[in-house]
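Chemist: Okay, so here is work00.cif, and as you'll see once you scroll down, it has mmCIF, C-alpha atoms.
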data_protein
loop_
_atom_site.label_atom_id
_atom_site.label_comp_id
_atom_site.auth_asym_id
_atom_site.auth_seq_id
_atom_site.Cartn_x
_atom_site.Cartn_y
_atom_site.Cartn_z
CA MET D 7 -9.10 20.35 8.10
CA VAL D 8 -5.65 19.65 9.52
CA ARG D 9 -4.01 22.55 11.28
CA GLN D 10 -0.73 23.68 9.71
CA ILE D 11 2.10 24.54 12.09
CA GLN D 12 5.40 25.94 10.93
CA THR D 13 8.52 26.59 12.94
CA SER D 14 11.59 28.63 12.16
CA VAL D 15 14.49 26.39 11.11
CA ALA D 16 17.87 27.68 9.99
CA ALA D 17 19.08 26.69 6.53
CA GLU D 18 21.32 23.64 6.59
CA ARG D 19 25.07 24.31 6.50
CA PHE D 20 27.67 22.06 4.92
CA VAL D 21 31.09 21.99 6.58
CA ILE D 22 34.04 19.91 5.39
CA LEU D 23 36.17 18.19 8.05
CA HIS D 24 39.61 17.09 6.89
CA TYR D 25 40.98 14.45 9.25
CA HIS D 26 44.60 15.19 8.39
CA ILE D 27 46.69 12.07 8.98
CA PHE D 28 50.39 12.85 9.08
CA LYS D 29 52.20 12.12 5.78
CA ASN D 30 49.00 11.21 3.92
CA ALA D 31 49.15 14.06 1.38
CA GLY D 32 47.21 16.31 3.73
CA SER D 33 49.07 19.50 2.80
CA THR D 34 48.07 19.01 -0.84
CA ILE D 35 44.44 18.40 0.13
CA ASP D 36 44.51 21.56 2.24
CA TYR D 37 45.92 23.45 -0.75
CA ALA D 38 42.95 22.38 -2.88
CA LEU D 39 40.47 23.22 -0.11
CA HIS D 40 42.00 26.65 0.37
CA ARG D 41 41.67 27.38 -3.35
CA ASN D 42 37.95 26.68 -3.03
CA PHE D 43 37.09 28.21 0.33
CA GLY D 44 39.77 30.82 1.04
CA GLU D 45 39.33 32.18 4.56
CA GLY D 46 36.38 29.84 4.98
CA LEU D 47 38.97 27.10 5.60
CA VAL D 48 40.46 27.09 9.09
CA ALA D 49 43.24 24.99 10.59
CA PHE D 50 42.03 23.85 14.01
CA HIS D 51 44.59 22.56 16.51
CA GLY D 52 45.08 22.13 20.22
CA GLY D 53 47.63 24.14 22.13
CA TYR D 54 50.33 21.46 22.29
CA ASP D 55 51.77 18.65 20.18
CA ASP D 56 49.78 15.76 21.65
CA ALA D 57 46.44 17.56 21.81
CA VAL D 58 43.34 15.63 20.80
CA LEU D 59 40.22 17.38 19.50
CA VAL D 60 36.86 15.62 19.50
CA ALA D 61 33.36 16.23 18.20
CA ASP D 62 32.38 18.67 20.96
CA ASP D 63 35.34 20.92 20.12
CA VAL D 64 34.22 21.14 16.51
CA SER D 65 30.60 21.73 17.49
CA GLY D 66 31.57 24.72 19.60
CA LEU D 67 33.75 26.12 16.83
CA VAL D 68 31.19 25.95 14.02
CA ASN D 69 28.44 27.35 16.26
CA SER D 70 30.63 30.30 17.19
CA ASP D 71 31.73 31.18 13.64
CA LEU D 72 29.18 30.91 10.84
CA SER D 73 31.80 31.82 8.21
CA ILE D 74 33.56 28.46 8.56
CA ARG D 75 33.06 26.20 5.54
CA ALA D 76 35.92 23.75 5.99
CA ILE D 77 38.16 22.63 8.86
CA THR D 78 41.48 20.82 8.69
CA SER D 79 43.21 19.37 11.72
CA HIS D 80 45.98 16.97 12.73
CA HIS D 81 44.42 16.68 16.16
CA LEU D 82 40.82 15.93 15.22
CA ARG D 83 39.59 12.40 15.88
CA TYR D 84 36.53 10.42 14.85
CA PRO D 85 33.59 10.11 15.38
CA LYS D 86 32.17 13.04 13.46
CA PRO D 87 30.23 15.66 15.42
CA VAL D 88 26.46 15.88 15.26
CA VAL D 89 25.11 19.43 15.23
CA ARG D 90 21.57 20.36 14.34
CA GLY D 91 21.50 22.29 11.09
CA VAL D 92 25.06 21.31 10.09
CA ARG D 93 26.09 18.48 7.79
CA PHE D 94 29.73 17.50 8.24
CA ILE D 95 31.52 16.10 5.19
CA ASP D 96 34.57 14.17 6.36
CA VAL D 97 37.69 13.91 4.20
CA CYS D 98 39.93 10.94 4.95
CA PHE D 99 42.93 9.76 2.90
CA ILE D 100 44.68 6.42 3.44
CA ARG D 101 48.23 5.58 2.37
CA HIS D 102 50.17 2.37 1.86
CA PRO D 103 51.80 1.96 5.29
CA LEU D 104 55.27 1.07 3.96
CA ASP D 105 55.25 4.08 1.65
CA ARG D 106 54.17 6.21 4.59
CA ILE D 107 57.08 4.96 6.73
CA ARG D 108 59.59 5.78 3.99
CA SER D 109 58.07 9.24 3.61
CA LEU D 110 58.29 9.73 7.38
CA TYR D 111 62.05 9.16 7.29
CA HIS D 112 62.74 11.46 4.35
CA TYR D 113 60.55 14.15 5.86
CA GLY D 114 62.48 13.86 9.11
CA LEU D 115 65.71 14.59 7.24
CA LYS D 116 64.32 18.07 6.46
CA LEU D 117 63.36 18.94 10.03
CA GLU D 118 65.47 20.61 12.68
CA PRO D 119 67.52 17.98 14.55
CA THR D 120 66.14 19.32 17.83
CA THR D 121 62.71 17.89 16.99
CA TRP D 122 61.99 14.27 17.89
CA LEU D 123 61.48 13.09 14.33
CA GLY D 124 64.32 15.19 12.94
CA GLY D 125 66.70 13.96 15.62
CA VAL D 126 65.89 10.29 15.07
CA ALA D 127 65.90 10.47 11.26
CA GLN D 128 69.20 12.33 11.16
CA SER D 129 70.85 9.88 13.55
CA PHE D 130 70.45 6.90 11.20
CA ASP D 131 70.27 5.82 7.61
CA GLU D 132 66.81 4.68 6.53
CA GLN D 133 67.33 1.09 7.65
CA GLY D 134 68.55 2.23 11.05
CA PHE D 135 65.64 4.63 11.38
CA VAL D 136 63.07 1.92 10.71
CA ALA D 137 64.83 -0.50 13.06
CA HIS D 138 64.80 2.18 15.77
CA LEU D 139 61.04 2.63 15.40
CA VAL D 140 60.48 -1.12 15.60
CA MET D 141 62.52 -1.35 18.80
CA HIS D 142 61.57 1.87 20.58
CA ALA D 143 58.49 3.54 19.02
CA PRO D 144 55.78 0.97 18.21
CA HIS D 145 53.12 3.70 18.24
CA VAL D 146 54.80 5.25 15.18
CA ILE D 147 55.11 2.07 13.11
CA ASN D 148 52.42 -0.41 14.23
CA ASP D 149 49.15 -0.10 12.26
CA VAL D 150 49.15 3.66 12.77
CA GLN D 151 46.20 4.44 10.49
CA VAL D 152 43.93 1.78 11.98
CA ASN D 153 44.86 3.02 15.44
CA LEU D 154 44.07 6.62 14.54
CA LEU D 155 40.67 5.83 13.08
CA ALA D 156 39.57 3.20 15.59
CA SER D 157 41.19 4.40 18.84
CA GLY D 158 41.73 8.11 18.29
CA GLY D 159 45.50 7.61 18.10
CA PHE D 160 45.78 6.30 21.67
CA TYR D 161 48.29 3.44 21.60
CA ALA D 162 48.47 1.05 24.54
CA ARG D 163 48.40 -2.26 22.65
CA PRO D 164 48.75 -3.50 19.09
CA PRO D 165 45.55 -2.84 17.12
CA GLY D 166 43.51 -5.99 16.56
CA ALA D 167 40.74 -7.39 14.39
CA ALA D 168 38.01 -5.41 16.17
CA ASP D 169 39.92 -2.17 15.57
CA LEU D 170 40.26 -3.05 11.90
CA GLU D 171 36.50 -3.53 11.62
CA ASP D 172 35.94 -0.12 13.21
CA ALA D 173 38.39 1.45 10.76
CA TYR D 174 36.68 -0.33 7.86
CA ALA D 175 33.37 1.24 8.89
CA ILE D 176 34.87 4.75 8.92
CA VAL D 177 36.48 4.27 5.50
CA GLU D 178 33.31 2.91 3.93
CA ARG D 179 31.19 5.76 5.32
CA ALA D 180 33.62 8.63 4.75
CA CYS D 181 32.01 11.24 2.52
CA ALA D 182 35.27 12.10 0.76
CA LEU D 183 37.53 9.07 0.78
CA GLY D 184 40.90 9.01 -0.93
CA VAL D 185 44.02 6.92 -1.36
CA VAL D 186 47.34 8.70 -1.74
CA ASP D 187 48.59 6.61 -4.68
CA MET D 188 45.19 7.02 -6.39
CA PHE D 189 45.19 10.75 -5.79
CA ASP D 190 43.69 12.10 -9.02
CA ILE D 191 41.10 9.32 -9.17
CA SER D 192 40.16 10.17 -5.59
CA MET D 193 39.88 13.88 -6.36
CA VAL D 194 37.70 13.33 -9.43
CA SER D 195 35.34 11.17 -7.39
CA ILE D 196 35.26 13.69 -4.52
CA GLU D 197 34.50 16.54 -6.92
CA HIS D 198 31.62 14.69 -8.52
CA HIS D 199 29.96 13.42 -5.36
CA LEU D 200 30.29 16.66 -3.36
CA ARG D 201 29.09 19.07 -6.06
CA PRO D 202 25.42 18.77 -5.04
CA MET D 203 26.52 20.59 -1.87
CA PHE D 204 29.38 22.62 -3.38
CA PRO D 205 28.42 23.27 -7.03
CA THR D 206 31.68 25.02 -7.96
CA LEU D 207 34.03 22.61 -6.18
CA SER D 208 37.25 22.24 -8.16
CA MET D 209 39.93 20.05 -6.57
CA GLU D 210 42.90 20.50 -8.90
CA TYR D 211 46.11 21.10 -6.99
CA VAL D 212 49.84 21.65 -6.99
CA PRO D 213 51.64 18.99 -4.87
CA GLN D 214 52.73 20.29 -1.48
CA ASN D 215 55.30 19.07 1.05
CA VAL D 216 56.29 15.94 -0.91
CA SER D 217 58.89 13.75 0.81
CA SER D 218 58.65 10.30 -0.79
CA PRO D 219 61.90 8.85 -2.15
CA GLN D 220 60.18 7.33 -5.17
CA ALA D 221 57.38 8.56 -7.41
CA SER D 222 56.31 5.31 -9.08
CA GLU D 223 56.90 2.43 -6.69
CA HIS D 224 53.23 1.44 -6.71
CA GLU D 225 53.32 0.18 -10.27
CA GLU D 226 52.50 -3.48 -10.82
CA GLY D 227 50.41 -3.77 -7.67
CA GLY D 228 52.95 -2.30 -5.27
CA ASP D 229 55.74 -4.73 -6.19
CA GLY D 230 58.05 -1.80 -6.82
CA LEU D 231 57.49 -0.46 -3.32
CA ALA D 232 58.04 -3.87 -1.73
CA ALA D 233 61.26 -4.36 -3.68
CA ALA D 234 62.53 -0.91 -2.69
CA CYS D 235 61.77 -1.55 0.98
CA ARG D 236 63.50 -4.94 0.89
CA GLN D 237 66.55 -3.42 -0.76
CA VAL D 238 66.88 -0.55 1.71
CA TRP D 239 65.70 -2.24 4.92
CA GLY D 240 66.86 -5.81 4.37
CA ASP D 241 64.65 -8.91 4.26
CA ALA D 242 64.44 -9.52 8.02
CA LEU D 243 63.48 -5.96 8.94
CA TYR D 244 61.07 -5.79 6.00
CA ALA D 245 59.27 -8.90 7.29
CA GLN D 246 59.01 -7.36 10.77
CA VAL D 247 57.50 -4.14 9.43
CA VAL D 248 54.99 -6.01 7.25
CA ALA D 249 53.87 -8.02 10.29
CA LEU D 250 53.48 -4.81 12.31
CA ASN D 251 51.29 -3.35 9.57
CA GLU D 252 49.05 -6.31 8.78
CA HIS D 253 45.89 -4.37 9.62
CA ASP D 254 47.02 -1.14 7.95
CA LEU D 255 47.70 -3.12 4.77
CA ARG D 256 44.19 -4.55 4.90
CA LEU D 257 42.74 -1.08 5.51
CA TYR D 258 44.71 0.27 2.56
CA ALA D 259 43.36 -2.50 0.31
CA LYS D 260 39.80 -1.80 1.49
CA ALA D 261 40.22 1.93 0.82
CA ARG D 262 41.51 1.25 -2.71
CA GLU D 263 38.54 -1.00 -3.37
CA GLU D 264 36.07 1.63 -2.14
CA VAL D 265 37.70 4.50 -4.06
CA SER D 266 37.62 2.38 -7.22
CA ARG D 267 33.93 1.61 -6.67
CA ARG D 268 33.06 5.27 -6.25
CA PHE D 269 35.13 6.33 -9.25
CA ALA D 270 33.39 3.74 -11.44
CA LEU D 271 30.06 5.42 -10.61
CA VAL D 272 31.25 8.80 -11.94
CA PRO D 273 29.75 9.36 -15.42
CA ASP D 274 32.42 9.48 -18.14
CA SER D 275 34.97 8.81 -15.43
CA GLN D 276 37.98 8.31 -17.70
CA GLU D 277 37.24 11.46 -19.68
CA ARG D 278 36.84 13.40 -16.45
CA LEU D 279 40.13 12.02 -15.17
CA ILE D 280 41.90 13.25 -18.30
CA GLU D 281 40.20 16.64 -18.02
CA PHE D 282 41.18 16.86 -14.35
CA GLY D 283 44.81 16.19 -15.26
CA GLU D 284 44.66 18.96 -17.85
CA ARG D 285 43.27 21.37 -15.25
CA ARG D 286 46.00 20.40 -12.83
CA ILE D 287 48.72 21.01 -15.43
CA ALA D 288 47.14 24.34 -16.40
CA LEU D 289 47.12 25.41 -12.76
CA ALA D 290 50.80 24.57 -12.35
CA GLU D 291 51.64 26.47 -15.54
CA ALA D 292 49.63 29.49 -14.42
CA LEU D 293 51.56 29.64 -11.16
CA LYS D 294 54.99 29.56 -12.80
CA PRO D 295 56.83 32.88 -12.51
CA PRO D 296 57.05 34.78 -15.81
CA PRO D 297 60.41 34.70 -17.62
CA PRO D 298 62.62 37.71 -16.93
CA SER D 299 62.07 40.53 -19.38
CA PRO D 300 65.06 41.71 -21.44
CA ASP D 301 67.02 44.63 -20.05
CA PRO D 302 65.84 47.68 -22.02
CA ALA D 303 69.14 49.40 -21.26
CA ALA D 304 71.14 46.74 -23.06
CA PRO D 305 71.97 47.81 -26.65
CA GLY D 306 70.73 45.46 -29.32
CA LEU D 307 73.01 44.14 -32.04
CA ASP D 308 71.89 42.40 -35.15
CA SER D 309 73.82 39.18 -35.64
CA ALA D 310 74.88 40.39 -39.06
CA GLU D 311 76.64 43.34 -37.45
CA LEU D 312 78.84 41.17 -35.24
CA SER D 313 82.52 41.16 -36.06
CA PRO D 314 84.12 37.74 -36.61
CA ASP D 315 85.60 37.66 -33.11
CA GLN D 316 82.14 38.46 -31.67
CA ALA D 317 80.34 35.74 -33.58
CA GLU D 318 78.23 33.37 -31.47
CA PRO D 319 79.56 29.81 -31.27
CA SER D 320 77.71 27.25 -33.33
CA LEU D 321 75.13 25.08 -31.58
CA ASP D 322 75.67 22.32 -34.13
CA PRO D 323 77.83 19.66 -32.45
CA MET D 324 79.18 18.57 -35.85
CA GLU D 325 80.46 22.05 -36.66
CA PRO D 326 83.90 22.99 -35.34
CA SER D 327 84.12 25.71 -32.73
CA LEU D 328 84.66 29.25 -33.92
CA ASP D 329 86.78 29.92 -30.86
CA PRO D 330 90.42 29.65 -31.96
CA ALA D 331 91.38 28.74 -28.39
CA GLN D 332 89.17 25.65 -28.55
CA PRO D 333 90.75 22.96 -30.71
CA SER D 334 88.55 20.71 -32.77
CA SER D 335 87.81 17.45 -30.99
CA ASP D 336 86.09 14.18 -31.75
CA LEU D 337 82.63 13.98 -30.22
CA ALA D 338 83.47 10.75 -28.46
CA GLU D 339 86.24 12.54 -26.59
CA LEU D 340 83.84 15.27 -25.49
CA SER D 341 81.24 12.85 -24.14
CA PRO D 342 81.35 12.42 -20.35
CA GLY D 343 80.26 8.80 -20.72
CA PRO D 344 77.34 7.07 -19.02
CA VAL D 345 76.47 8.23 -15.53
CA GLU D 346 75.93 5.57 -12.90
CA PRO D 347 72.42 5.81 -11.40
CA SER D 348 72.36 6.85 -7.77
CA LEU D 349 71.28 4.26 -5.24
CA ASP D 350 70.86 6.88 -2.53
CA PRO D 351 67.09 7.19 -1.91
CA VAL D 352 67.53 10.77 -0.80
CA GLU D 353 69.01 11.67 -4.18
CA GLN D 354 66.04 10.07 -5.88
CA SER D 355 63.55 12.27 -4.05
CA PRO D 356 61.45 14.19 -6.58
CA ASP D 357 60.83 17.11 -4.26
CA PRO D 358 63.47 19.07 -2.38
CA ALA D 359 60.83 21.27 -0.75
CA GLN D 360 61.50 22.39 2.79
CA PRO D 361 58.98 21.54 5.53
CA ASP D 362 56.43 24.20 6.30
CA ALA D 363 56.64 26.44 9.33
CA GLU D 364 53.90 24.60 11.17
CA SER D 365 55.81 21.32 10.91
CA ARG D 366 59.00 22.87 12.19
CA SER D 367 57.24 24.46 15.13
CA GLU D 368 55.44 21.33 16.29
CA GLY D 369 58.67 19.73 17.44
CA PHE D 370 57.68 16.06 17.72
CA GLU D 371 59.02 16.15 21.27
CA GLY D 372 58.69 12.78 23.00
CA SER D 373 55.20 12.38 21.64
CA THR D 374 53.02 9.31 21.41
CA GLU D 375 51.28 10.87 18.43
CA SER D 376 53.50 13.73 17.35
CA ALA D 377 55.06 11.65 14.59
CA GLU D 378 51.58 11.24 13.14
CA ARG D 379 51.10 14.84 12.13
CA GLN D 380 50.97 16.59 8.74
#
Turn this file's structure into structure tokens for me.

Modeler:
Amino acid sequence: MVRQIQTSVAAERFVILHYHIFKNAGSTIDYALHRNFGEGLVAFHGGYDDAVLVADDVSGLVNSDLSIRAITSHHLRYPKPVVRGVRFIDVCFIRHPLDRIRSLYHYGLKLEPTTWLGGVAQSFDEQGFVAHLVMHAPHVINDVQVNLLASGGFYARPPGAADLEDAYAIVERACALGVVDMFDISMVSIEHHLRPMFPTLSMEYVPQNVSSPQASEHEEGGDGLAAACRQVWGDALYAQVVALNEHDLRLYAKAREEVSRRFALVPDSQERLIEFGERRIALAEALKPPPPSPDPAAPGLDSAELSPDQAEPSLDPMEPSLDPAQPSSDLAELSPGPVEPSLDPVEQSPDPAQPDAESRSEGFEGSTESAERQ
């Protein structure tokens, strides 16, 4: 008879790690994670702008605090930690690099001018901003996402083919992979594939910290984005930026392919996508402030009791005004005429939200990575 030996082993923990790449919708992802985990989600950062956190830092944190269920960090770099008894689920979102650059500029317009990014963005129009990065800040515009994944954000040379292969491997193996312009599809896939570990996971969200100048430039395979960049930057600068982001563009394409593959494996994927959208809309509606209640002190008057000079003006545009001071006028004379569409990308921004306190406090001071936060 074989002897049976048992040893005491702690139950396995599951901890989400959000590798928060600056301007890759990370604030919205954190919003969804916080809805699920509350105080079990912690933001983990170093003590200064350019700090880098690695696997050992995370290992020490999760071993010291058993209440942690999810971690988000701008400073955290791959590879994932390995801790006995803990399974780390990495969240990584990739963005079209040209879209990311445009978002970087419009975000900088909201920052204090004393910060590095705010000062540069507010010193130029968008074309001048991008040209400045090309000339003086290659670490902020040259294959930034490949460099972050493959080299931990350390920039001393242009990323190459070997770095791209390393970034491919991280994207393909990421537990929760997403693409910013496939956000809902990514979230539906993440929900489905992580629910064996988190049975009640629900990733609907309200967009946070949006700073893109356009909401639908990715239609028709990204042609809208390319056309917008050419128009704002000019053909020569556009060509330079595309060349500087050759590997990021390939990484973005690989991430889209992988997210699509995972989504296709979700049962009833299209129905779930529709249902997810309905949940997202319901959440936004639930968070709207209630309409102001009528003032109970205000006396009520039935419309029939109004005297002729108190009568409400007609809402029918074909009916003449009841105000004797307002002469009757032809509708064509009242029309303001067609309004010329604005060509200012700032005016086209769908979200006037102000940057959060963390972003303002970070400063982006002379950093080799500080423009890669959020």

Chemist: Taking only C-alpha atoms into account, produce a table as a Markdown table in which each residue of range 66-92 of chain D with an atom at most 9 Å from an atom of range 50-57 of chain D appears once, together with its shortest atom pair and the distance in Å to one decimal, ordered by chain and rising number.

Modeler:
| residue | atom | partner | partner_atom | distance |
| --- | --- | --- | --- | --- |
| D:Ile77 | CA | D:Phe50 | CA | 6.6 |
| D:Thr78 | CA | D:Phe50 | CA | 6.1 |
| D:Ser79 | CA | D:Phe50 | CA | 5.2 |
| D:His80 | CA | D:His51 | CA | 6.9 |
| D:His81 | CA | D:His51 | CA | 5.9 |
| D:Leu82 | CA | D:His51 | CA | 7.7 |

Chemist: With 6 Å as the cut-off and all atoms listed in the file counted, what is the closest atom pair between each nearby residue of range 171-285 of chain D and range 32-47 of chain D? Distances in Å to one decimal, ordered by chain and number, as JSON lines.

Modeler:
{"residue": "D:Met209", "atom": "CA", "partner": "D:Ala38", "partner_atom": "CA", "distance": 5.3}
{"residue": "D:Tyr211", "atom": "CA", "partner": "D:Ala38", "partner_atom": "CA", "distance": 5.3}
{"residue": "D:Pro213", "atom": "CA", "partner": "D:Thr34", "partner_atom": "CA", "distance": 5.4}
{"residue": "D:Gln214", "atom": "CA", "partner": "D:Thr34", "partner_atom": "CA", "distance": 4.9}

Chemist: Just give me the gap between CA of His102 in chain D and CA of Ile147 in chain D in Å, one decimal is fine.

Modeler: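 If I compute the distance from CA of His102 in chain D to CA of Ile147 in chain D, I get 12.3 Å.
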
Chemist: Just to confirm, what's the straight-line distance from CA of Gly158 in chain D to CA of Gly114 in chain D in Å (one decimal)?

Modeler: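 Going from CA of Gly158 in chain D over to CA of Gly114 in chain D, I get 23.4 Å.
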
Chemist: For Ile74 in chain D, which residue out of D:Ala292, D:Ala49, D:Val89, D:Ala16 is the nearest one, using only C-alpha atoms?

Modeler: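 Ranking D:Ala292, D:Ala49, D:Val89, D:Ala16 by distance to Ile74 in chain D, first place goes to D:Ala49.
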
Chemist: What does the distance between CA of Val92 in chain D and CA of Val68 in chain D come to in Å, to one decimal place?

Modeler: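 That distance, rounded to one decimal, is 8.6 Å.
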
Chemist: Give me the residues within 12 Å of Ala270 in chain D as a PyMOL selection string, counting all atoms listed in the file and dropping any in the same chain fewer than 4 places off.

Modeler: chain D and resi 191-192+194-195+198-199+263-266+274-279

Chemist: So which residues get picked by the PyMOL selection byres ((chain D and resi 60) around 6) here, written as an MDAnalysis selection string?

Modeler: chainID D and resid 59 61:63 82:83
